[in-house]
$ cat my_file11.txt   # compact mmCIF, C-alpha atoms
# COMPACT_ATOMS: atom_id res chain seq x y z
CA MET B 1 46.94 162.29 181.58
CA LEU B 2 46.07 164.68 184.41
CA ARG B 3 47.64 163.87 187.74
CA VAL B 4 44.31 164.18 189.56
CA ASP B 5 42.76 161.63 187.18
CA ALA B 6 45.71 159.31 187.70
CA LEU B 7 45.35 159.65 191.48
CA SER B 8 41.65 158.95 191.14
CA ALA B 9 42.35 155.78 189.14
CA ILE B 10 44.69 154.39 191.81
CA TYR B 11 42.81 155.80 194.83
CA PRO B 12 41.46 152.39 195.97
CA GLU B 13 45.00 151.00 196.14
CA LEU B 14 46.29 154.14 197.89
CA ALA B 15 43.47 154.04 200.44
CA ARG B 16 44.61 150.55 201.48
CA SER B 17 48.26 151.64 201.81
CA ILE B 18 50.38 153.98 203.88
CA VAL B 19 50.98 156.96 201.60
CA VAL B 20 53.62 159.70 201.85
CA THR B 21 53.38 162.55 199.36
CA ASN B 22 55.76 165.25 198.23
CA MET B 23 54.81 168.92 198.46
CA GLY B 24 52.75 171.00 196.07
CA ALA B 25 49.96 169.87 193.78
CA ALA B 26 49.86 166.12 194.46
CA PRO B 27 48.93 166.36 198.16
CA ALA B 28 46.18 168.92 197.47
CA GLU B 29 44.73 166.73 194.72
CA LEU B 30 44.96 163.54 196.79
CA PHE B 31 43.31 165.30 199.73
CA SER B 32 40.52 166.50 197.42
CA LEU B 33 39.80 162.88 196.48
CA GLY B 34 39.35 161.93 200.14
CA HIS B 35 41.67 162.02 203.13
CA GLN B 36 42.62 158.76 204.84
CA PRO B 37 44.39 158.40 208.21
CA GLY B 38 47.18 156.55 206.42
CA PHE B 39 47.95 159.54 204.16
CA PHE B 40 50.81 161.85 205.15
CA TYR B 41 51.57 164.98 203.16
CA LEU B 42 54.78 166.96 203.13
CA TRP B 43 54.19 170.70 202.82
CA HIS B 44 57.87 171.46 202.36
CA SER B 45 61.09 169.39 202.72
CA MET B 46 61.32 169.14 198.95
CA GLY B 47 62.92 165.87 197.91
CA LEU B 48 62.50 163.97 201.15
CA ALA B 49 59.20 162.12 200.53
CA SER B 50 61.03 159.02 199.31
CA SER B 51 63.34 159.09 202.34
CA VAL B 52 60.37 159.37 204.73
CA GLY B 53 58.71 156.46 202.94
CA LEU B 54 61.91 154.43 203.17
CA GLY B 55 62.14 155.11 206.91
CA ILE B 56 58.58 153.85 207.40
CA ALA B 57 59.08 150.83 205.13
CA LEU B 58 62.25 149.73 206.94
CA SER B 59 60.74 150.30 210.38
CA ARG B 60 57.48 148.48 209.66
CA PRO B 61 57.97 145.70 207.08
CA GLU B 62 54.37 144.57 207.58
CA LEU B 63 52.96 147.84 206.15
CA GLN B 64 52.63 148.56 202.42
CA VAL B 65 54.08 152.02 201.78
CA VAL B 66 53.47 154.09 198.65
CA VAL B 67 55.41 157.32 198.05
CA ILE B 68 53.89 159.94 195.75
CA ASP B 69 56.72 162.06 194.36
CA GLY B 70 57.33 164.53 191.55
CA ASP B 71 60.07 165.02 188.97
CA GLY B 72 61.35 168.24 190.55
CA SER B 73 61.33 166.70 194.01
CA LEU B 74 63.05 163.49 192.99
CA LEU B 75 65.71 165.40 191.05
CA MET B 76 66.61 167.09 194.36
CA ASN B 77 67.27 163.72 196.01
CA LEU B 78 68.38 161.31 193.27
CA GLY B 79 70.70 159.61 195.74
CA SER B 80 67.56 158.33 197.47
CA LEU B 81 67.00 155.97 194.52
CA THR B 82 70.35 154.34 195.24
CA THR B 83 69.60 154.09 198.96
CA MET B 84 66.20 152.51 198.31
CA ALA B 85 67.80 150.11 195.82
CA ARG B 86 70.52 149.18 198.33
CA TYR B 87 67.98 148.05 200.95
CA ARG B 88 65.26 147.08 198.46
CA PRO B 89 62.30 146.96 200.88
CA ALA B 90 59.60 144.77 199.34
CA ASN B 91 56.89 146.94 200.90
CA LEU B 92 57.79 150.22 199.14
CA ILE B 93 56.39 151.55 195.86
CA HIS B 94 57.60 154.91 194.59
CA ILE B 95 55.24 156.69 192.18
CA VAL B 96 56.71 159.73 190.45
CA PHE B 97 54.36 162.13 188.67
CA ASP B 98 56.56 163.65 185.97
CA ASN B 99 55.07 166.84 184.48
CA GLU B 100 58.48 168.09 183.33
CA VAL B 101 58.08 171.43 185.13
CA LEU B 102 58.34 173.08 188.52
CA LEU B 103 54.63 173.77 188.54
CA SER B 104 54.02 175.44 191.88
CA VAL B 105 56.26 178.47 191.32
CA GLY B 106 53.69 180.10 189.04
CA ARG B 107 55.53 179.95 185.75
CA SER B 108 56.37 176.65 184.15
CA PHE B 109 60.10 176.36 184.52
CA THR B 110 61.06 173.06 182.95
CA THR B 111 62.97 170.38 184.84
CA ALA B 112 65.65 168.22 183.24
CA THR B 113 63.06 165.56 182.39
CA ALA B 114 61.83 168.00 179.70
CA THR B 115 65.23 167.81 178.05
CA GLY B 116 65.61 164.06 178.11
CA SER B 117 66.52 162.94 181.63
CA ASP B 118 64.64 159.67 182.08
CA LEU B 119 63.70 159.06 185.72
CA ALA B 120 62.56 155.45 185.19
CA ALA B 121 65.87 154.67 183.48
CA ILE B 122 67.78 156.37 186.31
CA ALA B 123 65.78 154.32 188.82
CA ALA B 124 66.50 151.09 186.91
CA ALA B 125 70.18 151.94 186.62
CA SER B 126 70.21 152.65 190.37
CA GLY B 127 69.16 149.07 190.98
CA ILE B 128 65.43 149.44 191.61
CA PRO B 129 64.18 146.00 190.51
CA ARG B 130 60.83 147.06 189.00
CA THR B 131 60.46 150.30 187.03
CA GLY B 132 58.24 151.67 184.30
CA THR B 133 57.04 154.78 182.52
CA LEU B 134 53.25 155.00 182.32
CA ARG B 135 51.29 157.33 180.05
CA THR B 136 47.61 156.59 180.81
CA GLU B 137 45.53 156.07 183.93
CA GLU B 138 44.96 152.44 182.90
CA GLU B 139 48.69 151.80 182.48
CA LEU B 140 49.44 153.30 185.89
CA GLN B 141 46.63 151.37 187.58
CA SER B 142 47.82 148.08 186.06
CA ALA B 143 51.46 148.74 186.92
CA LEU B 144 50.59 149.57 190.52
CA LYS B 145 48.39 146.50 190.94
CA GLU B 146 51.14 144.29 189.49
CA ALA B 147 53.77 145.86 191.76
CA LEU B 148 51.57 145.30 194.82
CA VAL B 149 51.10 141.64 193.91
CA ALA B 150 54.81 141.21 193.17
CA ARG B 151 55.76 142.69 196.59
CA GLU B 152 58.86 144.25 195.08
CA LEU B 153 60.49 147.67 195.40
CA SER B 154 59.15 149.61 192.41
CA CYS B 155 59.53 153.01 190.81
CA LEU B 156 56.60 153.93 188.56
CA VAL B 157 57.01 157.15 186.58
CA ALA B 158 53.68 158.54 185.40
CA LYS B 159 53.92 161.21 182.71
CA VAL B 160 51.28 163.88 183.42
CA GLU B 161 50.20 167.26 182.07
CA PRO B 162 51.61 170.37 183.78
CA GLN B 163 48.31 171.26 185.45
CA GLY B 164 47.51 171.52 189.11
CA PRO B 165 44.71 172.49 191.46
CA ALA B 166 43.50 176.08 191.89
CA SER B 167 45.04 176.16 195.36
CA TYR B 168 47.74 174.19 197.13
CA PHE B 169 46.13 174.77 200.53
CA PHE B 170 43.80 172.26 202.09
CA ASP B 171 42.12 172.10 205.45
CA LEU B 172 44.47 169.85 207.38
CA HIS B 173 47.29 171.53 209.27
CA PHE B 174 50.56 169.67 208.85
CA LEU B 175 50.95 169.15 212.58
CA GLU B 176 47.42 167.78 212.87
CA SER B 177 48.25 165.48 209.96
CA ARG B 178 51.56 164.45 211.54
CA PHE B 179 50.06 163.39 214.89
CA GLN B 180 47.04 161.76 213.27
CA PHE B 181 49.31 159.74 210.96
CA GLN B 182 51.62 158.67 213.80
CA ARG B 183 48.64 157.58 215.91
CA HIS B 184 47.24 155.64 212.95
CA LEU B 185 50.54 153.79 212.41
CA ARG B 186 50.64 152.97 216.13
CA SER B 187 47.11 151.56 215.93
CA LEU B 188 48.23 149.20 213.17
CA ILE B 189 50.85 147.49 215.33
CA SER B 190 49.90 143.86 215.72
CA PRO B 191 50.91 141.95 218.87
CA ALA B 192 53.05 139.67 216.67
CA SER B 193 54.90 142.61 215.14
CA PRO B 194 58.57 141.55 214.99
CA ALA B 195 60.28 144.82 215.91
CA SER B 196 57.93 145.76 218.78
CA PRO B 197 58.66 149.39 217.96
CA THR B 198 56.68 150.84 220.85
CA GLU B 199 59.20 149.50 223.34
CA GLY B 200 60.65 152.38 225.30
CA ASP B 201 57.60 154.61 224.81
CA ARG B 202 56.31 153.83 228.29
CA ARG B 203 57.18 156.63 230.61
CA MET X 1 94.04 153.62 213.05
CA PRO X 2 93.87 155.81 216.13
CA VAL X 3 90.08 156.01 216.22
CA SER X 4 89.14 154.82 219.71
CA ALA X 5 87.45 151.44 219.47
CA THR X 6 86.74 151.45 223.20
CA ASN X 7 85.00 154.81 223.21
CA SER X 8 83.14 154.01 219.99
CA GLN X 9 81.76 150.96 221.80
CA THR X 10 80.76 153.18 224.73
CA VAL X 11 78.84 155.51 222.42
CA TYR X 12 77.21 152.59 220.62
CA ASP X 13 76.17 150.93 223.88
CA ALA X 14 74.69 154.21 225.10
CA LEU X 15 72.60 154.58 221.93
CA LYS X 16 71.33 151.02 222.22
CA ALA X 17 70.55 151.47 225.91
CA CYS X 18 68.21 154.31 224.88
CA GLY X 19 66.32 152.00 222.53
CA ILE X 20 67.83 153.27 219.27
CA ARG X 21 67.20 150.51 216.72
CA LEU X 22 67.76 152.34 213.40
CA LEU X 23 70.92 154.24 212.50
CA SER X 24 71.29 156.17 209.28
CA VAL X 25 74.88 156.95 208.50
CA LEU X 26 77.30 158.34 206.01
CA PRO X 27 80.68 156.92 207.05
CA GLU X 28 83.66 159.06 207.92
CA THR X 29 86.95 158.28 209.64
CA TRP X 30 85.87 158.85 213.22
CA LEU X 31 82.72 156.76 212.70
CA VAL X 32 84.31 153.58 211.31
CA HIS X 33 83.98 151.54 214.50
CA LEU X 34 80.44 152.77 215.14
CA VAL X 35 79.41 151.75 211.61
CA SER X 36 81.06 148.33 212.04
CA LEU X 37 79.24 147.79 215.33
CA ALA X 38 75.92 148.58 213.67
CA GLU X 39 76.73 146.30 210.72
CA GLU X 40 77.44 143.40 213.05
CA ASP X 41 74.40 143.96 215.26
CA PRO X 42 71.33 141.95 214.17
CA GLU X 43 69.15 144.17 216.38
CA MET X 44 70.11 147.35 214.52
CA VAL X 45 68.69 148.52 211.20
CA LEU X 46 71.61 150.27 209.49
CA VAL X 47 70.83 152.60 206.58
CA ARG X 48 73.90 153.72 204.62
CA LEU X 49 73.10 156.97 202.86
CA ALA X 50 74.22 158.62 199.65
CA LYS X 51 73.90 162.06 201.28
CA GLU X 52 73.19 162.95 204.88
CA GLU X 53 69.94 164.88 204.32
CA GLU X 54 68.23 161.61 203.38
CA GLY X 55 68.74 160.59 206.99
CA VAL X 56 66.44 163.37 208.20
CA GLY X 57 63.62 161.91 206.11
CA ILE X 58 64.41 158.35 207.17
CA SER X 59 64.44 159.29 210.85
CA ALA X 60 61.17 161.21 210.44
CA GLY X 61 59.56 158.16 208.84
CA ALA X 62 61.00 155.88 211.51
CA HIS X 63 59.67 158.11 214.29
CA LEU X 64 56.17 158.24 212.80
CA ALA X 65 56.32 154.46 212.42
CA GLY X 66 57.32 153.96 216.07
CA MET X 67 61.02 153.19 215.68
CA LYS X 68 63.72 155.03 217.62
CA SER X 69 66.52 156.20 215.38
CA ALA X 70 69.58 158.41 215.17
CA MET X 71 71.71 159.96 212.44
CA LEU X 72 75.47 159.41 212.48
CA MET X 73 77.44 161.88 210.39
CA GLN X 74 80.33 164.28 210.13
CA ASN X 75 79.72 167.97 210.84
CA HIS X 76 79.90 168.62 207.11
CA GLY X 77 76.96 166.23 206.81
CA LEU X 78 75.09 168.37 209.31
CA LEU X 79 75.78 171.36 207.06
CA ALA X 80 74.50 169.38 204.06
CA SER X 81 71.28 168.46 205.91
CA ILE X 82 70.11 171.88 207.04
CA ASN X 83 67.08 172.25 204.77
CA GLY X 84 65.76 168.86 205.84
CA ILE X 85 66.38 169.67 209.49
CA VAL X 86 64.49 172.96 209.23
CA SER X 87 61.69 172.09 206.80
CA LEU X 88 61.00 168.56 208.02
CA ALA X 89 62.39 167.83 211.50
CA GLN X 90 61.67 171.26 212.97
CA LEU X 91 58.51 172.06 211.00
CA TYR X 92 56.96 168.66 211.74
CA ARG X 93 58.27 168.41 215.32
CA ILE X 94 60.39 165.29 214.87
CA PRO X 95 62.65 164.25 217.79
CA LEU X 96 65.72 163.92 215.59
CA LEU X 97 68.85 162.69 217.38
CA MET X 98 71.98 163.72 215.47
CA VAL X 99 75.33 162.26 216.51
CA VAL X 100 77.90 164.40 214.76
CA SER X 101 81.66 163.96 214.58
CA HIS X 102 83.05 167.40 215.29
CA ARG X 103 85.96 167.54 212.92
CA GLY X 104 88.08 170.62 212.49
CA GLY X 105 88.53 171.63 216.11
CA PHE X 106 91.64 171.91 218.29
CA GLY X 107 94.23 169.34 217.23
CA GLU X 108 92.78 168.89 213.74
CA GLU X 109 95.64 168.24 211.32
CA HIS X 110 93.57 168.23 208.10
CA PRO X 111 93.28 171.77 206.72
CA TRP X 112 90.10 170.97 204.77
CA GLN X 113 88.20 170.17 207.96
CA THR X 114 88.88 173.44 209.72
CA GLU X 115 86.22 175.70 208.16
CA GLY X 116 83.46 173.23 209.04
CA GLY X 117 84.85 172.85 212.52
CA GLY X 118 84.73 176.59 213.00
CA VAL X 119 81.08 177.02 212.08
CA THR X 120 79.45 173.88 213.51
CA GLU X 121 78.45 175.21 216.92
CA HIS X 122 77.38 178.57 215.47
CA VAL X 123 75.13 176.80 212.97
CA LEU X 124 73.56 174.69 215.73
CA ASP X 125 72.98 177.87 217.73
CA ALA X 126 71.45 179.62 214.70
CA LEU X 127 69.11 176.66 214.20
CA ARG X 128 68.22 176.74 217.93
CA ILE X 129 69.31 173.11 218.24
CA PRO X 130 70.43 172.16 221.75
CA TYR X 131 73.67 170.21 221.83
CA LEU X 132 76.14 168.64 224.21
CA THR X 133 79.72 167.59 223.56
CA LEU X 134 80.90 164.04 224.13
CA ASP X 135 84.58 164.52 224.97
CA ALA X 136 85.24 161.94 227.69
CA PRO X 137 83.89 158.40 228.15
CA GLU X 138 82.65 158.96 231.72
CA HIS X 139 79.73 161.15 230.69
CA VAL X 140 78.76 159.48 227.39
CA ALA X 141 75.95 157.28 228.73
CA ALA X 142 74.34 160.09 230.73
CA ARG X 143 74.56 162.69 227.96
CA VAL X 144 73.23 160.34 225.29
CA ARG X 145 70.32 159.52 227.57
CA GLN X 146 69.70 163.22 228.30
CA ALA X 147 69.76 164.01 224.58
CA VAL X 148 67.22 161.30 223.76
CA VAL X 149 64.95 162.41 226.61
CA LEU X 150 65.08 166.07 225.53
CA ALA X 151 64.48 165.25 221.87
CA GLU X 152 61.42 163.21 222.78
CA SER X 153 60.01 165.67 225.30
CA SER X 154 60.55 168.72 223.08
CA LEU X 155 59.81 166.92 219.80
CA ARG X 156 62.72 168.76 218.22
CA PRO X 157 66.20 167.94 216.90
CA VAL X 158 69.01 167.54 219.41
CA ALA X 159 72.71 167.11 218.61
CA LEU X 160 75.61 165.35 220.30
CA LEU X 161 79.08 166.39 219.15
CA LEU X 162 81.65 163.61 219.12
CA CYS X 163 84.90 165.37 220.03
CA ARG X 164 88.51 164.56 219.32
CA GLY X 165 89.28 163.79 222.96
CA LEU X 166 86.74 160.95 222.87
CA MET X 167 87.15 159.61 219.33
CA TRP X 168 90.85 160.01 218.50
CA GLU X 169 93.86 158.52 220.27
CA ASP X 170 96.61 161.04 219.48
$ encode --input "my_file11.txt" --output "structure tokens"
Amino acid sequence: MLRVDALSAIYPELARSIVVTNMGAAPAELFSLGHQPGFFYLWHSMGLASSVGLGIALSRPELQVVVIDGDGSLLMNLGSLTTMARYRPANLIHIVFDNEVLLSVGRSFTTATATGSDLAAIAAASGIPRTGTLRTEEELQSALKEALVARELSCLVAKVEPQGPASYFFDLHFLESRFQFQRHLRSLISPASPASPTEGDRR
Amino acid sequence: MPVSATNSQTVYDALKACGIRLLSVLPETWLVHLVSLAEEDPEMVLVRLAKEEEGVGISAGAHLAGMKSAMLMQNHGLLASINGIVSLAQLYRIPLLMVVSHRGGFGEEHPWQTEGGGVTEHVLDALRIPYLTLDAPEHVAARVRQAVVLAESSLRPVALLLCRGLMWED
């Protein structure tokens, strides 16, 4: 499975969600499929996509958050799996594209998933209630749809080929993206929102 | 335990008065009362971390989602968080409030804290992060408020150093 084909298969679900991506190939490929105001891409901060997604999910329980991560990124922040499992937000789904290499450095240096480290098993052993390893676009699409219906913290590991886009650059500066995304999340606040998170912003 | 419960309450009240409603924390000795206060407070979302750098991501997400947050950590946690501070909070202009127990300064009896104590302020300077010390209860409320206001106006990280004179009853 190619990651871009997998992203294409789940694009309708992503477009209806708040999406935070890791750095590298995944954001460029997702952007190429069509930017949405609810998509936020990290250009750096390797490892922190799941933490950003957790911060959003805990702050806004009414939003469905999907994190797009990679094997190299997640291996830099494995503790995040235990933190997500501890708070178990029902509105957070963590998709990990596992290509078993650090693709963006130019030569395919393998990660530990190439030598047997099993991220879905690590996630399950961390206490994430719903986990799976998916090998086709159809499997990933079904697993994501089921996780969305179940409303349960999930970690879906999609095994993909070590291929990426021709370029990792795309025409959306990260600061433009950051303010656009924040404004979009603000626009989604309903009057009945329990936390009234805009309180204090009036000055 | 000679951690000041009274001054911990003062710090906690000051954070709440600024609208902080999410605290990410990795516990350490000086922070025990602050963590307990957050645990017992139904208005506070407490996120206990495995490693401090996660807190940078959580605070960034909280900010984008409209929730005011702070990180509570030891200065060694600040050292462990530097890549996240630089490549997320600074790059993406996140108003990250870091409340840092400044272990390893004058009066520190634990030898293993002293190296971190010696570099903390230099590291903050190198990162161009403005900071104030909290070393007496009288100025806690004002300095916490000033830190929150500067973080939000500059859209950059700001640090408050919890000092021995405030946190520890020798």
$ interface_residues --input "my_file11.txt" --of "chain B" --to "chain X" --cutoff "7 Å" --atoms "only C-alpha atoms" --output "PyMOL selection string"
chain B and resi 44-45+48+51-56+59-60+79-80+83+175+178+182+185-186+197-198+200
$ atom_distance --input "my_file11.txt" --atom1 "atom CA of Val101 of chain B" --atom2 "atom CA of Gly72 of chain B"
7.1 Å
$ residues_near_point --input "my_file11.txt" --point "(64.5, 169.7, 188.8)" --cutoff "7 Å" --atoms "only C-alpha atoms" --output "ChimeraX atom specification"
/B:71-73,75-76,111-112
$ atom_distance --input "my_file11.txt" --atom1 "atom CA of Glu13 of chain B" --atom2 "atom CA of Leu153 of chain B"
15.9 Å
$ residues_around --input "my_file11.txt" --residues "segment 102-108 of chain X" --least-positions-apart "6" --cutoff "8 Å" --atoms "all atoms listed in the file" --output "mmCIF file with C-alpha atoms, in the frame of the given file"
data_model
loop_
_atom_site.group_PDB
_atom_site.id
_atom_site.type_symbol
_atom_site.label_atom_id
_atom_site.label_comp_id
_atom_site.auth_asym_id
_atom_site.auth_seq_id
_atom_site.Cartn_x
_atom_site.Cartn_y
_atom_site.Cartn_z
ATOM 1 C CA GLN X 74 80.330 164.280 210.130
ATOM 2 C CA ASN X 75 79.720 167.970 210.840
ATOM 3 C CA THR X 114 88.880 173.440 209.720
ATOM 4 C CA GLU X 115 86.220 175.700 208.160
ATOM 5 C CA GLY X 116 83.460 173.230 209.040
ATOM 6 C CA GLY X 117 84.850 172.850 212.520
ATOM 7 C CA GLY X 118 84.730 176.590 213.000
ATOM 8 C CA THR X 120 79.450 173.880 213.510
ATOM 9 C CA LEU X 161 79.080 166.390 219.150
ATOM 10 C CA LEU X 162 81.650 163.610 219.120
ATOM 11 C CA CYS X 163 84.900 165.370 220.030
ATOM 12 C CA ARG X 164 88.510 164.560 219.320
#
$ residues_near_point --input "my_file11.txt" --point "(48.0, 171.3, 186.6)" --cutoff "10 Å" --atoms "only C-alpha atoms" --output "list in words"
Leu2, Arg3, Val4, Ala25, Ala26, Glu29, Asn99, Leu103, Ser104, Val160, Glu161, Pro162, Gln163, Gly164, Pro165 and Ala166 of chain B
$ atom_distance --input "my_file11.txt" --atom1 "atom CA of Arg135 of chain B" --atom2 "atom CA of Leu7 of chain B"
13.1 Å
$ residues_around --input "my_file11.txt" --residues "Ala14 of chain X" --least-positions-apart "4" --cutoff "8 Å" --atoms "all atoms listed in the file" --output "list in words"
Thr10, Cys18, Val140, Ala141, Val144 and Arg145 of chain X
$ closest_residue --input "my_file11.txt" --among "X:Ala80, X:Leu160, X:Leu155, X:Leu72" --to "His139 of chain X" --atoms "all atoms listed in the file"
X:Leu160
$ closest_residue --input "my_file11.txt" --among "B:Arg151, B:Ala90, B:Thr82, B:Gly106" --to "Ala125 of chain B" --atoms "all atoms listed in the file"
B:Thr82
$ closest_residue --input "my_file11.txt" --among "X:Val3, X:Leu79, X:Met71, X:Val25" --to "Ala159 of chain X" --atoms "only C-alpha atoms"
X:Met71
$ closest_residue --input "my_file11.txt" --among "B:Leu134, B:Leu78, B:Ala6, B:Ile18" --to "Phe40 of chain B" --atoms "all atoms listed in the file"
B:Ile18
$ residues_around --input "my_file11.txt" --residues "Asn7 of chain X" --least-positions-apart "6" --cutoff "10 Å" --atoms "only C-alpha atoms" --output "short mmCIF file (atom, residue, chain, number, x, y, z; two decimals) with C-alpha atoms, in the coordinates of the input"
data_model
loop_
_atom_site.label_atom_id
_atom_site.label_comp_id
_atom_site.auth_asym_id
_atom_site.auth_seq_id
_atom_site.Cartn_x
_atom_site.Cartn_y
_atom_site.Cartn_z
CA ASP X 13 76.17 150.93 223.88
CA HIS X 33 83.98 151.54 214.50
CA LEU X 34 80.44 152.77 215.14
CA ASP X 135 84.58 164.52 224.97
CA ALA X 136 85.24 161.94 227.69
CA PRO X 137 83.89 158.40 228.15
CA GLU X 138 82.65 158.96 231.72
CA VAL X 140 78.76 159.48 227.39
CA GLY X 165 89.28 163.79 222.96
CA LEU X 166 86.74 160.95 222.87
CA MET X 167 87.15 159.61 219.33
CA TRP X 168 90.85 160.01 218.50
#
$ axis_aligned_box --input "my_file11.txt" --around "segment 31-42 of chain B" --padding-each-side "6 Å" --output "JSON"
{"center_x": 47.1, "center_y": 161.8, "center_z": 202.3, "size_x": 27.4, "size_y": 22.4, "size_z": 23.7}
$ build_atoms --input "my_file11.txt" --residues "segment 22-44 of chain X" --atoms "N, CA and C atoms" --output "compact mmCIF listing (two decimals), in the frame of the given file"
# COMPACT_ATOMS: atom_id res chain seq x y z
N LEU X 22 67.47 152.03 214.81
CA LEU X 22 67.76 152.34 213.40
C LEU X 22 68.80 153.46 213.38
N LEU X 23 69.87 153.22 212.66
CA LEU X 23 70.92 154.24 212.50
C LEU X 23 71.06 154.53 211.01
N SER X 24 70.94 155.81 210.64
CA SER X 24 71.29 156.17 209.28
C SER X 24 72.66 156.85 209.33
N VAL X 25 73.50 156.52 208.37
CA VAL X 25 74.88 156.95 208.50
C VAL X 25 75.52 157.18 207.14
N LEU X 26 76.36 158.20 207.11
CA LEU X 26 77.30 158.34 206.01
C LEU X 26 78.69 158.24 206.67
N PRO X 27 79.44 157.19 206.32
CA PRO X 27 80.68 156.92 207.05
C PRO X 27 81.70 158.05 206.92
N GLU X 28 82.47 158.22 207.97
CA GLU X 28 83.66 159.06 207.92
C GLU X 28 84.65 158.46 208.91
N THR X 29 85.87 158.95 208.90
CA THR X 29 86.95 158.28 209.64
C THR X 29 86.60 158.02 211.10
N TRP X 30 86.13 159.02 211.80
CA TRP X 30 85.87 158.85 213.22
C TRP X 30 84.71 157.88 213.50
N LEU X 31 83.92 157.59 212.48
CA LEU X 31 82.72 156.76 212.70
C LEU X 31 82.92 155.30 212.30
N VAL X 32 84.14 154.92 211.89
CA VAL X 32 84.31 153.58 211.31
C VAL X 32 83.91 152.47 212.29
N HIS X 33 84.32 152.61 213.55
CA HIS X 33 83.98 151.54 214.50
C HIS X 33 82.48 151.52 214.79
N LEU X 34 81.89 152.71 214.89
CA LEU X 34 80.44 152.77 215.14
C LEU X 34 79.67 152.11 213.99
N VAL X 35 80.10 152.36 212.76
CA VAL X 35 79.41 151.75 211.61
C VAL X 35 79.60 150.23 211.65
N SER X 36 80.82 149.78 211.96
CA SER X 36 81.06 148.33 212.04
C SER X 36 80.19 147.68 213.11
N LEU X 37 80.07 148.35 214.26
CA LEU X 37 79.24 147.79 215.33
C LEU X 37 77.79 147.65 214.87
N ALA X 38 77.30 148.65 214.16
CA ALA X 38 75.92 148.58 213.67
C ALA X 38 75.76 147.48 212.62
N GLU X 39 76.78 147.34 211.76
CA GLU X 39 76.73 146.30 210.72
C GLU X 39 76.65 144.91 211.32
N GLU X 40 77.35 144.73 212.45
CA GLU X 40 77.44 143.40 213.05
C GLU X 40 76.30 143.11 214.02
N ASP X 41 75.43 144.09 214.23
CA ASP X 41 74.40 143.96 215.26
C ASP X 41 73.07 143.58 214.62
N PRO X 42 72.60 142.35 214.81
CA PRO X 42 71.33 141.95 214.17
C PRO X 42 70.12 142.73 214.70
N GLU X 43 70.28 143.38 215.84
CA GLU X 43 69.15 144.17 216.38
C GLU X 43 69.06 145.57 215.80
N MET X 44 70.08 145.97 215.02
CA MET X 44 70.11 147.35 214.52
C MET X 44 69.82 147.37 213.02
